[in-house]
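*Asks:* The structure's right below; bear with me while I get my questions together.
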Amino acid sequence: MKQRNHLITRTICYFSLIGLVSLLFSACTSAPDKKNPTPAISYDDIPEGYLDEAEHIPDFWIASVEGINTYLETRVKKGKVETAGTSAGGRPIFAVSYGEKRIGAGTTTFSGSLAVSDLVPYRGADNEKTVYMGLGGVHGFELESIMGTINMIEVFETGKDLSGKARPELAAMLDSVDRIVLIPLVNPDGRSRVPIRMEPDRGGASGSFTVHEYLNTGGKKDGSIIGWPDVKEFIPMDFSEVGFPGGYPNDAGVNIMHDDFFGSPQPETKMLFDLAAREKPDLIINMHTGVPKNNYYMHILRPFTEPKLQPIFDALYRNIKIALTDNKLQGSMDTTIEADPSLRRMGGYNLNTALNLHCGALCVVIESPSHGYFGTNLSGDPAMQTPEMLLDAQLIAHQEALRFLIKSGGRAGWDKHAIQ
Ligand SMILES: [Zn+2]
């Protein structure tokens, strides 16, 4: 018995030792490298030439993880740079904020406030403050959104964008809105996965969008694109099943526009929820790249959101689209077509819906054309999009969204007045 006990003790010790060694071994071999925790991605299946980079990249085109981080570290003085969260792959996600934060101290949830038809018990005594939030890079390789957000920050810092163009109207909006929170890159995992700073312009031929679509939505093992919307059939995406996962998902394979919002949201989504709960923004502009090739200009998508916010969306839509049209950044000069919100049907349930129901913000996706190819207008004429035009459209859209927020008084104003 004694001997048996000894044997059991020795056996336990032996297995404990094996356990310890294997634990140490696994810790040494499979723990994510904090500097580069991305799951192993093979670039071998990517067709030749797809990762070619533009020969001349304008100075204002800051859209790489390193470029963004260096910019935020060295150039932001007026704004406050904070780590808002950490991606599934362990990368920091930075937010830049200006102005006075809502102090809040409400007594109920957003849902509770709807039941009593009064937002004050949710947002607190400073309900009337106006708070704007801008998101870039929710899809990691939609570079226009990232470049636009960085240039907006530069305008708030210096009065000029990074091309040197003065933007006094946009810069002055810092004084009229109470709070602005900008996240240039929500999905650093997706951005890190696509190792180029800017695509070459592949022109307007019929297949010229293919490379961009491949790098964005991912590619199959045979080199063909997964494509939109088919890519949404597998969330999370199993990276071992595809040739290249593209820039949509985070390192857990999740496209956060379609996260498991009520189940187990990803860290990027959780970060946005927490930030939105703290800031209680009135308006969130969620910048993306992706417009149809036959109407190759900035589009504003109608969100699936609270019915009472639909007329507010209409007014926001008109304001931004009239400004884009006046600046020759739409397909015609006819604002009765370009700025008619009734032509924009409602989209499906996604991150914008979730953020709206989480904090009451009107959350809107704006889609940009891509710098990597061009399309046509509705008459079939070529619609070229230079990097300078794309920058202009980004800053005008943000500016008009801010102007709308200021003049309408934000959600507190929307509840009180008819909005034009
Ligand atoms: Zn997108």
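Chain labels A, B, ... are given in the sequence in which chains occur in the structure tokens; within each chain residues are numbered consecutively from 1, and ligands are likewise numbered from 1 in the order shown.
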Taking only C-alpha atoms and all ligand atoms and a cut-off of 8 Å, can you tell me which residues surround ligand 1, written as a PyMOL selection string?

*Replies:* chain A and resi 137-139+142+248+287-290+367

*Asks:* If you keep C-alpha atoms, can you produce a file of those selected residues as a PDB file, in the first residue's frame?

*Replies:*
ATOM      1  CA  GLY A 137     -10.607  51.458 -41.664  1.00  0.00           C
ATOM      2  CA  VAL A 138     -13.381  49.246 -40.273  1.00  0.00           C
ATOM      3  CA  HIS A 139     -12.430  47.259 -43.358  1.00  0.00           C
ATOM      4  CA  GLU A 142     -10.365  50.593 -47.573  1.00  0.00           C
ATOM      5  CA  TYR A 248     -12.109  42.731 -44.227  1.00  0.00           C
ATOM      6  CA  MET A 287     -16.193  55.688 -43.803  1.00  0.00           C
ATOM      7  CA  HIS A 288     -15.688  52.835 -46.295  1.00  0.00           C
ATOM      8  CA  THR A 289     -14.518  52.257 -49.867  1.00  0.00           C
ATOM      9  CA  GLY A 290     -16.854  50.508 -52.311  1.00  0.00           C
ATOM     10  CA  GLU A 367     -18.718  54.656 -49.371  1.00  0.00           C
TER      11      GLU A 367
END

*Asks:* Near region 110-112 of chain A, counting only C-alpha atoms, which residues have an atom at most 10 Å away, once you skip same-chain residues fewer than 2 positions from it, shown as a list in words?

*Replies:*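 Surrounding residues, per the criterion: Gly106, Thr107, Thr108, Leu114, Ala115, Val116, Ser117, Asp118, Leu119, Val120, Pro121, Tyr122, Arg123, Ala277, Lys280, Asn356, Leu357, His358, Cys359 and Gly360 of chain A.
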
*Asks:* Could the residues in this selection be saved with all heavy atoms as a short mmCIF file (atom, residue, chain, number, x, y, z; two decimals), in the first residue's frame?

*Replies:*
data_model
loop_
_atom_site.label_atom_id
_atom_site.label_comp_id
_atom_site.auth_asym_id
_atom_site.auth_seq_id
_atom_site.Cartn_x
_atom_site.Cartn_y
_atom_site.Cartn_z
N GLY A 106 -26.34 59.90 -16.50
CA GLY A 106 -27.77 59.63 -16.65
C GLY A 106 -28.22 58.58 -15.65
O GLY A 106 -27.42 58.00 -14.91
N THR A 107 -29.53 58.34 -15.65
CA THR A 107 -30.08 57.40 -14.66
C THR A 107 -30.70 56.17 -15.31
O THR A 107 -31.24 55.31 -14.62
CB THR A 107 -31.18 58.09 -13.83
OG1 THR A 107 -32.18 58.57 -14.74
CG2 THR A 107 -30.62 59.24 -13.01
N THR A 108 -30.67 56.11 -16.65
CA THR A 108 -31.30 54.96 -17.30
C THR A 108 -30.52 54.56 -18.55
O THR A 108 -29.52 55.20 -18.91
CB THR A 108 -32.78 55.26 -17.64
OG1 THR A 108 -33.42 54.05 -18.05
CG2 THR A 108 -32.92 56.28 -18.76
N LEU A 114 -35.98 55.91 -24.37
CA LEU A 114 -36.99 55.89 -25.44
C LEU A 114 -38.37 55.66 -24.86
O LEU A 114 -39.36 56.22 -25.33
CB LEU A 114 -36.65 54.79 -26.46
CG LEU A 114 -35.39 54.99 -27.31
CD1 LEU A 114 -35.21 53.80 -28.25
CD2 LEU A 114 -35.43 56.29 -28.11
N ALA A 115 -38.42 54.81 -23.82
CA ALA A 115 -39.72 54.48 -23.21
C ALA A 115 -40.34 55.67 -22.51
O ALA A 115 -41.56 55.75 -22.38
CB ALA A 115 -39.55 53.31 -22.24
N VAL A 116 -39.50 56.61 -22.05
CA VAL A 116 -40.06 57.81 -21.41
C VAL A 116 -40.00 59.03 -22.34
O VAL A 116 -40.22 60.16 -21.91
CB VAL A 116 -39.37 58.13 -20.06
CG1 VAL A 116 -39.68 57.03 -19.04
CG2 VAL A 116 -37.87 58.32 -20.20
N SER A 117 -39.65 58.78 -23.61
CA SER A 117 -39.58 59.84 -24.64
C SER A 117 -38.73 61.03 -24.17
O SER A 117 -39.09 62.19 -24.41
CB SER A 117 -40.99 60.34 -25.01
OG SER A 117 -41.78 59.27 -25.44
N ASP A 118 -37.64 60.74 -23.52
CA ASP A 118 -36.76 61.81 -23.06
C ASP A 118 -35.34 61.26 -22.95
O ASP A 118 -35.09 60.30 -22.22
CB ASP A 118 -37.24 62.32 -21.70
CG ASP A 118 -36.44 63.52 -21.21
OD1 ASP A 118 -35.52 63.97 -21.95
OD2 ASP A 118 -36.73 64.01 -20.10
N LEU A 119 -34.43 61.90 -23.68
CA LEU A 119 -33.05 61.41 -23.72
C LEU A 119 -32.24 61.82 -22.48
O LEU A 119 -31.21 61.22 -22.19
CB LEU A 119 -32.37 61.96 -24.98
CG LEU A 119 -31.33 61.10 -25.68
CD1 LEU A 119 -31.87 59.72 -26.01
CD2 LEU A 119 -30.83 61.80 -26.93
N VAL A 120 -32.73 62.83 -21.75
CA VAL A 120 -31.96 63.35 -20.61
C VAL A 120 -31.66 62.27 -19.57
O VAL A 120 -30.53 62.17 -19.07
CB VAL A 120 -32.66 64.58 -19.98
CG1 VAL A 120 -31.92 65.04 -18.72
CG2 VAL A 120 -32.73 65.71 -21.00
N PRO A 121 -32.63 61.43 -19.22
CA PRO A 121 -32.29 60.40 -18.22
C PRO A 121 -31.20 59.43 -18.70
O PRO A 121 -30.57 58.79 -17.87
CB PRO A 121 -33.62 59.65 -18.03
CG PRO A 121 -34.67 60.60 -18.46
CD PRO A 121 -34.06 61.43 -19.55
N TYR A 122 -30.95 59.36 -20.00
CA TYR A 122 -29.84 58.54 -20.51
C TYR A 122 -28.55 59.35 -20.62
O TYR A 122 -27.51 58.97 -20.09
CB TYR A 122 -30.20 57.93 -21.86
CG TYR A 122 -29.04 57.23 -22.54
CD1 TYR A 122 -28.37 56.18 -21.91
CD2 TYR A 122 -28.59 57.63 -23.80
CE1 TYR A 122 -27.29 55.55 -22.52
CE2 TYR A 122 -27.52 57.00 -24.41
CZ TYR A 122 -26.87 55.97 -23.77
OH TYR A 122 -25.80 55.35 -24.36
N ARG A 123 -28.61 60.50 -21.29
CA ARG A 123 -27.37 61.23 -21.57
C ARG A 123 -26.98 62.19 -20.45
O ARG A 123 -25.85 62.68 -20.41
CB ARG A 123 -27.49 62.01 -22.88
CG ARG A 123 -27.75 61.07 -24.06
CD ARG A 123 -27.19 61.55 -25.38
NE ARG A 123 -27.62 62.85 -25.82
CZ ARG A 123 -27.51 63.28 -27.08
NH1 ARG A 123 -26.98 62.47 -28.01
NH2 ARG A 123 -27.89 64.47 -27.43
N ALA A 277 -20.69 54.20 -25.60
CA ALA A 277 -21.43 54.31 -24.33
C ALA A 277 -20.86 55.47 -23.49
O ALA A 277 -21.61 56.17 -22.81
CB ALA A 277 -21.34 53.00 -23.56
N LYS A 280 -21.48 58.87 -25.96
CA LYS A 280 -22.87 59.10 -26.39
C LYS A 280 -22.94 60.07 -27.57
O LYS A 280 -23.54 61.15 -27.49
CB LYS A 280 -23.71 59.59 -25.22
CG LYS A 280 -23.73 58.58 -24.06
CD LYS A 280 -24.57 59.07 -22.91
CE LYS A 280 -24.74 58.02 -21.83
NZ LYS A 280 -23.49 57.72 -21.10
N ASN A 356 -26.41 52.39 -33.22
CA ASN A 356 -27.60 53.22 -33.01
C ASN A 356 -28.37 52.73 -31.78
O ASN A 356 -28.69 53.51 -30.88
CB ASN A 356 -28.49 53.20 -34.25
CG ASN A 356 -29.88 53.76 -33.97
OD1 ASN A 356 -30.89 53.15 -34.30
ND2 ASN A 356 -29.96 54.92 -33.35
N LEU A 357 -28.63 51.42 -31.73
CA LEU A 357 -29.45 50.90 -30.62
C LEU A 357 -28.67 50.88 -29.30
O LEU A 357 -29.27 50.81 -28.23
CB LEU A 357 -29.94 49.49 -30.98
CG LEU A 357 -30.87 49.42 -32.20
CD1 LEU A 357 -31.33 48.00 -32.45
CD2 LEU A 357 -32.06 50.36 -32.04
N HIS A 358 -27.35 50.95 -29.41
CA HIS A 358 -26.51 50.95 -28.21
C HIS A 358 -26.49 52.32 -27.53
O HIS A 358 -26.49 52.40 -26.30
CB HIS A 358 -25.09 50.55 -28.61
CG HIS A 358 -24.19 50.26 -27.46
ND1 HIS A 358 -24.45 49.29 -26.52
CD2 HIS A 358 -23.01 50.84 -27.09
CE1 HIS A 358 -23.47 49.28 -25.64
NE2 HIS A 358 -22.61 50.21 -25.94
N CYS A 359 -26.46 53.40 -28.34
CA CYS A 359 -26.25 54.72 -27.72
C CYS A 359 -27.12 55.83 -28.30
O CYS A 359 -27.00 56.97 -27.88
CB CYS A 359 -24.78 55.12 -27.82
SG CYS A 359 -24.28 55.51 -29.50
N GLY A 360 -27.95 55.50 -29.29
CA GLY A 360 -28.85 56.52 -29.84
C GLY A 360 -28.28 57.34 -30.98
O GLY A 360 -28.97 58.20 -31.53
#

*Asks:* Which residue is closest to Asn255 (chain A)? Choose from A:Leu351, A:Ile225, A:Ile41, A:Val96 and count only C-alpha atoms.

*Replies:*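 The shortest atom-to-atom distance to Asn255 (chain A) comes from A:Leu351.
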
*Asks:* Quick one: of A:Ile322, A:Arg191, A:Ser145, A:Pro184, who's nearest to Thr83 (chain A), counting only C-alpha atoms?

*Replies:*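 Of A:Ile322, A:Arg191, A:Ser145, A:Pro184, the one nearest Thr83 (chain A), counting only C-alpha atoms, is A:Pro184.
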
*Asks:* So, counting only C-alpha atoms, which residue among A:Tyr43, A:Phe313, A:Phe374, A:Phe261 is closest to Arg345 (chain A)?

*Replies:* A:Phe313
